[in-house]
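Structure below is data-v2.pdb: PDB, C-alpha atoms (C1' of nucleotides).
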ATOM      1  CA  MET A   1     203.859 128.630  59.660
ATOM      2  CA  SER A   2     204.535 130.133  62.987
ATOM      3  CA  THR A   3     201.412 130.036  65.098
ATOM      4  CA  GLU A   4     202.136 133.581  66.190
ATOM      5  CA  ALA A   5     199.463 135.962  65.116
ATOM      6  CA  ALA A   6     199.528 139.566  66.220
ATOM      7  CA  PRO A   7     201.216 139.585  69.633
ATOM      8  CA  LEU A   8     198.508 139.091  72.208
ATOM      9  CA  TYR A   9     199.755 141.022  75.120
ATOM     10  CA  THR A  10     199.334 140.063  78.714
ATOM     11  CA  TYR A  11     198.024 142.537  81.215
ATOM     12  CA  PRO A  12     198.664 142.516  84.936
ATOM     13  CA  ALA A  13     195.742 141.342  87.029
ATOM     14  CA  ARG A  14     194.269 143.896  89.381
ATOM     15  CA  ASP A  15     196.215 142.601  92.342
ATOM     16  CA  GLU A  16     199.431 142.721  90.347
ATOM     17  CA  ILE A  17     199.217 146.460  89.822
ATOM     18  CA  HIS A  18     201.688 148.308  92.028
ATOM     19  CA  ILE A  19     201.588 151.954  92.945
ATOM     20  CA  GLU A  20     205.287 152.404  92.165
ATOM     21  CA  ALA A  21     204.806 151.313  88.562
ATOM     22  CA  VAL A  22     201.652 153.379  88.187
ATOM     23  CA  LEU A  23     203.372 156.527  89.441
ATOM     24  CA  HIS A  24     206.387 155.867  87.272
ATOM     25  CA  ALA A  25     204.113 155.484  84.268
ATOM     26  CA  LEU A  26     202.266 158.700  85.035
ATOM     27  CA  ALA A  27     205.472 160.642  85.627
ATOM     28  CA  ASP A  28     206.262 161.042  81.939
ATOM     29  CA  PRO A  29     204.599 164.023  80.210
ATOM     30  CA  ILE A  30     203.732 162.077  77.068
ATOM     31  CA  ARG A  31     202.200 159.196  78.996
ATOM     32  CA  LEU A  32     200.321 161.584  81.251
ATOM     33  CA  GLU A  33     198.888 163.232  78.172
ATOM     34  CA  MET A  34     197.909 159.832  76.789
ATOM     35  CA  VAL A  35     196.027 159.065  79.988
ATOM     36  CA  ARG A  36     194.334 162.443  79.876
ATOM     37  CA  GLN A  37     193.213 161.947  76.308
ATOM     38  CA  LEU A  38     191.905 158.488  77.144
ATOM     39  CA  ALA A  39     190.016 159.819  80.131
ATOM     40  CA  GLU A  40     188.706 162.793  78.240
ATOM     41  CA  SER A  41     187.417 160.930  75.217
ATOM     42  CA  ASP A  42     186.021 158.282  77.549
ATOM     43  CA  ALA A  43     186.571 155.869  74.697
ATOM     44  CA  GLU A  44     189.189 153.734  73.085
ATOM     45  CA  LEU A  45     192.025 155.351  71.219
ATOM     46  CA  ALA A  46     194.267 153.735  68.657
ATOM     47  CA  CYS A  47     198.006 154.264  68.836
ATOM     48  CA  GLY A  48     197.873 156.707  65.969
ATOM     49  CA  GLU A  49     194.884 158.631  67.231
ATOM     50  CA  PHE A  50     196.655 160.281  70.134
ATOM     51  CA  GLU A  51     197.608 163.850  69.450
ATOM     52  CA  LEU A  52     201.234 163.801  70.418
ATOM     53  CA  PRO A  53     204.514 165.232  69.165
ATOM     54  CA  VAL A  54     206.325 161.895  68.972
ATOM     55  CA  THR A  55     206.830 159.184  66.382
ATOM     56  CA  LYS A  56     205.019 155.874  66.079
ATOM     57  CA  SER A  57     207.730 153.861  67.724
ATOM     58  CA  THR A  58     207.843 156.182  70.693
ATOM     59  CA  ARG A  59     204.084 155.858  71.056
ATOM     60  CA  THR A  60     204.411 152.094  71.076
ATOM     61  CA  HIS A  61     207.087 152.379  73.729
ATOM     62  CA  HIS A  62     204.907 154.508  76.003
ATOM     63  CA  LEU A  63     201.826 152.353  75.451
ATOM     64  CA  ARG A  64     203.891 149.380  76.497
ATOM     65  CA  THR A  65     204.884 151.112  79.720
ATOM     66  CA  LEU A  66     201.262 152.023  80.440
ATOM     67  CA  ARG A  67     200.136 148.491  79.681
ATOM     68  CA  GLU A  68     202.753 146.807  81.861
ATOM     69  CA  ALA A  69     201.987 149.166  84.718
ATOM     70  CA  GLY A  70     198.334 148.197  84.497
ATOM     71  CA  LEU A  71     196.943 151.514  83.320
ATOM     72  CA  ILE A  72     195.468 150.458  80.012
ATOM     73  CA  LEU A  73     193.920 147.542  78.196
ATOM     74  CA  GLY A  74     194.128 146.888  74.469
ATOM     75  CA  ARG A  75     191.757 145.374  71.968
ATOM     76  CA  GLN A  76     192.957 144.217  68.600
ATOM     77  CA  GLN A  77     190.851 144.867  65.509
ATOM     78  CA  GLY A  78     192.503 144.351  62.187
ATOM     79  CA  THR A  79     195.837 146.085  62.280
ATOM     80  CA  THR A  80     194.505 148.571  64.749
ATOM     81  CA  ARG A  81     194.907 148.256  68.477
ATOM     82  CA  TYR A  82     192.444 150.195  70.575
ATOM     83  CA  ASN A  83     193.487 151.243  74.050
ATOM     84  CA  SER A  84     191.316 152.041  77.036
ATOM     85  CA  LEU A  85     191.888 153.222  80.581
ATOM     86  CA  ARG A  86     191.518 150.677  83.386
ATOM     87  CA  ARG A  87     189.455 153.082  85.387
ATOM     88  CA  ASN A  88     187.658 150.460  87.455
ATOM     89  CA  ASP A  89     190.804 148.719  88.561
ATOM     90  CA  LEU A  90     192.651 151.922  89.304
ATOM     91  CA  ASP A  91     189.781 153.423  91.261
ATOM     92  CA  ALA A  92     189.440 150.233  93.261
ATOM     93  CA  LEU A  93     193.131 150.070  94.108
ATOM     94  CA  PHE A  94     193.950 153.749  94.540
ATOM     95  CA  PRO A  95     190.689 155.559  95.169
ATOM     96  CA  GLY A  96     190.982 159.197  94.215
ATOM     97  CA  LEU A  97     194.327 158.968  92.479
ATOM     98  CA  LEU A  98     193.074 159.235  88.914
ATOM     99  CA  GLN A  99     190.573 161.862  89.897
ATOM    100  CA  GLY A 100     193.278 163.958  91.520
ATOM    101  CA  VAL A 101     195.604 163.619  88.575
ATOM    102  CA  LEU A 102     192.925 164.541  86.067
ATOM    103  CA  ALA A 103     191.729 167.467  88.163
ATOM    104  CA  ALA A 104     195.052 169.180  87.574
ATOM    105  CA  PRO A 105     195.096 171.972  85.007
ATOM    106  CA  ARG A 106     196.464 171.064  81.584
TER     107      ARG A 106
ATOM    108  CA  MET B   1     231.593 187.498 106.747
ATOM    109  CA  SER B   2     229.262 186.251 104.154
ATOM    110  CA  THR B   3     225.753 187.166 105.111
ATOM    111  CA  GLU B   4     224.634 183.669 104.216
ATOM    112  CA  ALA B   5     223.205 181.876 107.159
ATOM    113  CA  ALA B   6     221.684 178.458 106.799
ATOM    114  CA  PRO B   7     220.153 178.375 103.328
ATOM    115  CA  LEU B   8     216.578 179.500 103.671
ATOM    116  CA  TYR B   9     214.859 177.596 100.968
ATOM    117  CA  THR B  10     212.083 178.881  98.837
ATOM    118  CA  TYR B  11     208.990 176.843  98.319
ATOM    119  CA  PRO B  12     206.637 177.023  95.359
ATOM    120  CA  ALA B  13     203.384 178.819  96.057
ATOM    121  CA  ARG B  14     200.273 176.720  95.776
ATOM    122  CA  ASP B  15     199.541 177.876  92.269
ATOM    123  CA  GLU B  16     203.091 177.113  91.212
ATOM    124  CA  ILE B  17     202.742 173.412  91.975
ATOM    125  CA  HIS B  18     202.421 171.357  88.819
ATOM    126  CA  ILE B  19     201.114 167.849  88.535
ATOM    127  CA  GLU B  20     204.020 166.775  86.343
ATOM    128  CA  ALA B  21     206.548 167.670  89.016
ATOM    129  CA  VAL B  22     204.447 166.088  91.753
ATOM    130  CA  LEU B  23     204.147 162.820  89.862
ATOM    131  CA  HIS B  24     207.826 162.829  89.037
ATOM    132  CA  ALA B  25     208.618 163.351  92.701
ATOM    133  CA  LEU B  26     206.329 160.534  93.782
ATOM    134  CA  ALA B  27     207.665 158.157  91.160
ATOM    135  CA  ASP B  28     210.854 157.353  93.046
ATOM    136  CA  PRO B  29     210.569 154.567  95.666
ATOM    137  CA  ILE B  30     212.660 156.413  98.248
ATOM    138  CA  ARG B  31     210.683 159.620  97.898
ATOM    139  CA  LEU B  32     207.404 157.728  97.974
ATOM    140  CA  GLU B  33     208.515 156.115 101.191
ATOM    141  CA  MET B  34     209.430 159.523 102.595
ATOM    142  CA  VAL B  35     205.959 160.814 101.819
ATOM    143  CA  ARG B  36     204.424 157.737 103.392
ATOM    144  CA  GLN B  37     206.422 158.169 106.575
ATOM    145  CA  LEU B  38     205.504 161.844 106.724
ATOM    146  CA  ALA B  39     201.837 161.044 106.235
ATOM    147  CA  GLU B  40     201.935 158.205 108.694
ATOM    148  CA  SER B  41     203.631 160.029 111.522
ATOM    149  CA  ASP B  42     201.427 163.025 110.808
ATOM    150  CA  ALA B  43     204.279 165.119 112.127
ATOM    151  CA  GLU B  44     207.541 166.682 111.106
ATOM    152  CA  LEU B  45     210.494 164.489 110.352
ATOM    153  CA  ALA B  46     214.116 165.512 110.262
ATOM    154  CA  CYS B  47     216.306 164.393 107.389
ATOM    155  CA  GLY B  48     217.961 161.805 109.562
ATOM    156  CA  GLU B  49     214.769 160.498 111.097
ATOM    157  CA  PHE B  50     213.496 158.799 107.973
ATOM    158  CA  GLU B  51     214.051 155.093 107.975
ATOM    159  CA  LEU B  52     215.696 154.638 104.648
ATOM    160  CA  PRO B  53     218.551 152.602 103.152
ATOM    161  CA  VAL B  54     220.395 155.592 101.668
ATOM    162  CA  THR B  55     223.080 157.994 102.800
ATOM    163  CA  LYS B  56     222.652 161.536 104.086
ATOM    164  CA  SER B  57     223.512 163.190 100.800
ATOM    165  CA  THR B  58     220.992 161.086  98.952
ATOM    166  CA  ARG B  59     218.342 162.050 101.481
ATOM    167  CA  THR B  60     219.153 165.695 100.940
ATOM    168  CA  HIS B  61     218.835 165.165  97.197
ATOM    169  CA  HIS B  62     215.399 163.584  97.508
ATOM    170  CA  LEU B  63     214.160 166.156 100.004
ATOM    171  CA  ARG B  64     215.187 168.837  97.570
ATOM    172  CA  THR B  65     213.153 167.207  94.817
ATOM    173  CA  LEU B  66     210.140 166.931  97.108
ATOM    174  CA  ARG B  67     210.547 170.545  98.198
ATOM    175  CA  GLU B  68     210.876 171.948  94.686
ATOM    176  CA  ALA B  69     207.900 169.942  93.513
ATOM    177  CA  GLY B  70     205.844 171.458  96.311
ATOM    178  CA  LEU B  71     205.291 168.335  98.364
ATOM    179  CA  ILE B  72     206.951 169.365 101.592
ATOM    180  CA  LEU B  73     207.782 172.359 103.751
ATOM    181  CA  GLY B  74     210.793 172.694 106.000
ATOM    182  CA  ARG B  75     211.416 174.377 109.318
ATOM    183  CA  GLN B  76     214.895 175.089 110.575
ATOM    184  CA  GLN B  77     215.763 174.543 114.209
ATOM    185  CA  GLY B  78     219.384 174.523 115.123
ATOM    186  CA  THR B  79     221.177 172.302 112.680
ATOM    187  CA  THR B  80     218.057 170.242 112.250
ATOM    188  CA  ARG B  81     215.568 170.774 109.479
ATOM    189  CA  TYR B  82     212.099 169.436 110.070
ATOM    190  CA  ASN B  83     209.996 168.496 107.086
ATOM    191  CA  SER B  84     206.235 168.274 106.783
ATOM    192  CA  LEU B  85     203.771 167.285 104.090
ATOM    193  CA  ARG B  86     201.852 170.051 102.313
ATOM    194  CA  ARG B  87     198.626 168.149 102.670
ATOM    195  CA  ASN B  88     196.352 171.162 102.449
ATOM    196  CA  ASP B  89     197.852 172.448  99.245
ATOM    197  CA  LEU B  90     198.001 169.048  97.605
ATOM    198  CA  ASP B  91     194.441 168.161  98.545
ATOM    199  CA  ALA B  92     193.237 171.498  97.233
ATOM    200  CA  LEU B  93     195.034 171.136  93.921
ATOM    201  CA  PHE B  94     194.675 167.416  93.292
ATOM    202  CA  PRO B  95     191.800 166.179  95.425
ATOM    203  CA  GLY B  96     192.137 162.480  96.092
ATOM    204  CA  LEU B  97     195.626 162.057  94.750
ATOM    205  CA  LEU B  98     197.420 161.757  98.073
ATOM    206  CA  GLN B  99     194.649 159.622  99.462
ATOM    207  CA  GLY B 100     194.878 157.258  96.518
ATOM    208  CA  VAL B 101     198.638 157.004  96.725
ATOM    209  CA  LEU B 102     198.597 156.349 100.450
ATOM    210  CA  ALA B 103     195.804 153.796 100.143
ATOM    211  CA  ALA B 104     198.137 151.546  98.187
ATOM    212  CA  PRO B 105     199.642 148.615 100.070
ATOM    213  CA  ARG B 106     203.223 149.062 101.241
TER     214      ARG B 106
ATOM    215  C1'  DC C   1     237.629 176.920 122.035
ATOM    216  C1'  DC C   2     237.120 172.433 120.433
ATOM    217  C1'  DG C   3     234.736 168.964 118.652
ATOM    218  C1'  DC C   4     230.625 166.571 117.427
ATOM    219  C1'  DA C   5     226.237 166.130 115.137
ATOM    220  C1'  DA C   6     222.988 167.470 111.327
ATOM    221  C1'  DG C   7     222.658 168.783 106.697
ATOM    222  C1'  DT C   8     224.347 170.649 102.347
ATOM    223  C1'  DT C   9     227.182 170.863  98.224
ATOM    224  C1'  DC C  10     229.962 169.073  94.742
ATOM    225  C1'  DG C  11     231.831 165.939  91.485
ATOM    226  C1'  DA C  12     231.958 161.424  89.663
ATOM    227  C1'  DC C  13     229.896 157.250  88.125
ATOM    228  C1'  DC C  14     226.581 154.591  85.834
ATOM    229  C1'  DG C  15     222.192 152.544  85.035
ATOM    230  C1'  DT C  16     217.732 153.835  83.211
ATOM    231  C1'  DT C  17     214.898 155.523  79.678
ATOM    232  C1'  DG C  18     212.929 158.676  76.125
ATOM    233  C1'  DT C  19     213.843 159.354  71.390
ATOM    234  C1'  DC C  20     214.411 158.269  66.642
ATOM    235  C1'  DG C  21     215.106 155.681  62.187
ATOM    236  C1'  DT C  22     214.883 151.487  60.012
ATOM    237  C1'  DA C  23     213.316 147.097  59.242
ATOM    238  C1'  DC C  24     209.773 143.989  60.033
ATOM    239  C1'  DT C  25     204.934 141.804  60.629
ATOM    240  C1'  DA C  26     200.132 141.699  60.102
ATOM    241  C1'  DT C  27     195.608 142.912  57.913
ATOM    242  C1'  DG C  28     192.630 144.306  54.421
ATOM    243  C1'  DG C  29     191.459 146.460  49.722
ATOM    244  C1'  DG C  30     191.813 146.820  44.740
TER     245       DG C  30
ATOM    246  C1'  DC D   1     199.071 139.396  44.172
ATOM    247  C1'  DC D   2     200.597 143.804  45.445
ATOM    248  C1'  DC D   3     200.554 147.526  48.044
ATOM    249  C1'  DA D   4     199.117 150.749  51.630
ATOM    250  C1'  DT D   5     198.202 151.152  56.476
ATOM    251  C1'  DA D   6     198.789 150.228  61.574
ATOM    252  C1'  DG D   7     201.621 148.943  64.669
ATOM    253  C1'  DT D   8     205.887 146.379  66.713
ATOM    254  C1'  DA D   9     210.902 145.199  67.305
ATOM    255  C1'  DC D  10     215.474 146.453  67.520
ATOM    256  C1'  DG D  11     219.653 149.047  67.912
ATOM    257  C1'  DA D  12     221.883 153.413  68.802
ATOM    258  C1'  DC D  13     222.316 157.577  71.060
ATOM    259  C1'  DA D  14     221.961 161.155  74.524
ATOM    260  C1'  DA D  15     220.173 163.035  78.637
ATOM    261  C1'  DC D  16     218.500 162.590  82.995
ATOM    262  C1'  DG D  17     218.846 161.252  87.656
ATOM    263  C1'  DG D  18     219.920 158.213  91.778
ATOM    264  C1'  DT D  19     223.884 156.969  94.300
ATOM    265  C1'  DC D  20     227.953 157.625  96.949
ATOM    266  C1'  DG D  21     232.091 159.726  99.346
ATOM    267  C1'  DA D  22     234.496 163.652 100.701
ATOM    268  C1'  DA D  23     234.726 168.298 101.956
ATOM    269  C1'  DC D  24     232.278 172.001 103.904
ATOM    270  C1'  DT D  25     228.924 174.913 107.005
ATOM    271  C1'  DT D  26     226.306 175.665 111.158
ATOM    272  C1'  DG D  27     224.883 175.304 115.675
ATOM    273  C1'  DC D  28     225.312 173.538 120.181
ATOM    274  C1'  DG D  29     227.395 171.554 124.377
ATOM    275  C1'  DG D  30     231.149 170.798 127.420
TER     276       DG D  30
END
For the file at hand, write its structure as C-alpha cells.
Amino acid sequence: MSTEAAPLYTYPARDEIHIEAVLHALADPIRLEMVRQLAESDAELACGEFELPVTKSTRTHHLRTLREAGLILGRQQGTTRYNSLRRNDLDALFPGLLQGVLAAPR
Amino acid sequence: MSTEAAPLYTYPARDEIHIEAVLHALADPIRLEMVRQLAESDAELACGEFELPVTKSTRTHHLRTLREAGLILGRQQGTTRYNSLRRNDLDALFPGLLQGVLAAPR
DNA sequence: CCGCAAGTTCGACCGTTGTCGTACTATGGG
DNA sequence: CCCATAGTACGACAACGGTCGAACTTGCGG
C-alpha cells in the first residue's frame, strides 16, 4: 500500500561534500577499513561482504556515515546493496587525500 | 626543588605516526583550523596566536592531540611555545594527504 | 621582589557516537 | 505461501572527547 519500496537514499552532490565530514568519516577505524577494502577490491562491496569484527547493524550505521559524508555510492539489487567509493569526486575535491590515506601501512 | 622545568614534550618519531591518529586529529574543526593556519602562515604559531573561538585550556588540549598524533612540533622560548607543522614527515608518510586537506575550501 | 603574561593541569559536565540486540521490511526461491 | 537472506530502524547503554573555569608553573620586566 505504501509507495515506499526499499529506501532510496540520497547522496550529497559533489559540491555538497565537505572536508570536515570526510575527515570525520575517515577517523573511525572500522570506516577506514571499509574504505580500504573498497579501494583495494576496486569493486562494489555489499554490506555483508566487508571483513569486519562488527555486527550487521553497526555496519549499516557506518555505511550511513560514509554515504552522508559523500564517500560512497550505493546500488540496490534485490535485497543486496552494493557500495562503491566515490573516487572521482573525492580526487576532484581533495586531490591527493585518498592517495595519502591509502598509502599508509595497514 | 623539583628538577622539572617546563615540560619538555616528546614527539612521535616518523615511523611512530599512524594514519588513524592523524585522521582523528584532523577530524575536529578546531584542530583542522589550527593546521590550516599553520600551513597558511608557513611559520611557527604560539598557542595564543591562533585565531580561534576557544579558551586557552582548550587550545592546549587540541595542541596536545596534534602533537601526540605527530602533526606538529613545538619549540619553547620563554613562556611561549611555538608550534610548527611536520610537513616533511607527513608528506613522506602520506603523500598527498595534507595537500588534499588544504585544497578544500574553508 | 612583585606582578603580569603564556601555557599547563585538573576536574567537572555533557553532548556525541560506536556498539549491540531486537524487531522490522524487502526480495527471491522452493 | 512460507521461509531464508540482506539489510534497515530503533532504543539502550557506555565510553570517548570537547569545553570551560580555576588553580598552578614559569619566565620576564620593572
Residues matched by the PyMOL selection byres ((chain B) within 12 of (chain A)), written as a PyMOL selection string: chain B and resi 15-33+90-106
Neighbours of chain B in chain C at 8 Å, counting all atoms listed in the file, as a PyMOL selection string: chain C and resi 6-8
Taking a cut-off of 8 Å and counting all atoms listed in the file, can you build a table that, for each residue of chain C near region 4-28 of chain D, reports the nearest atom pair and how far apart they are in Å (one decimal), sorted by chain then residue number, as a Markdown table?
| residue | atom | partner | partner_atom | distance |
| --- | --- | --- | --- | --- |
| C:DT8 | C1' | D:DT25 | C1' | 7.8 |
| C:DT9 | C1' | D:DC24 | C1' | 7.7 |
| C:DC24 | C1' | D:DA9 | C1' | 7.5 |
| C:DT25 | C1' | D:DT8 | C1' | 7.7 |
The PyMOL selection byres ((chain B and resi 68) around 10) resolved against shown file, as a list in words: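 What the PyMOL selection byres ((chain B and resi 68) around 10) grabs from the file is Tyr9, Thr10, Tyr11, Pro12, Glu16, Ile17, Ala21, Val22, Ala25, His62, Leu63, Arg64, Thr65, Leu66, Arg67, Ala69, Gly70, Leu71, Ile72 and Leu73 of chain B.
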Distance of CA of Leu8 (chain B) from CA of Asn83 (chain B), expressed in Å to one decimal place: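 So the two atoms, CA of Asn83 (chain B) and CA of Leu8 (chain B), lie 13.3 Å apart.
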Straight-line distance linking CA of Arg14 (chain B) with CA of Asp89 (chain B), stated in Å to one decimal: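 Going from CA of Arg14 (chain B) over to CA of Asp89 (chain B), I get 6.0 Å.
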Residue members of the PyMOL selection byres ((chain D and resi 29) around 12) in the file shown, as a VMD selection string: (chain C and resid 1 to 5) or (chain D and resid 27 to 28 30)
What are the centre and the three edge lengths of an axis-aligned box that wraps all atoms of region 23-34 of chain A in the file, given that 6 Å is added to every side, written as AutoDock Vina command-line options and rounded to one decimal in Å?
--center_x 202.1 --center_y 159.8 --center_z 83.1 --size_x 20.5 --size_y 20.5 --size_z 24.7
Distance of C1' of DG29 (chain C) from CA of Phe50 (chain A), expressed in Å to one decimal place: 25.2 Å
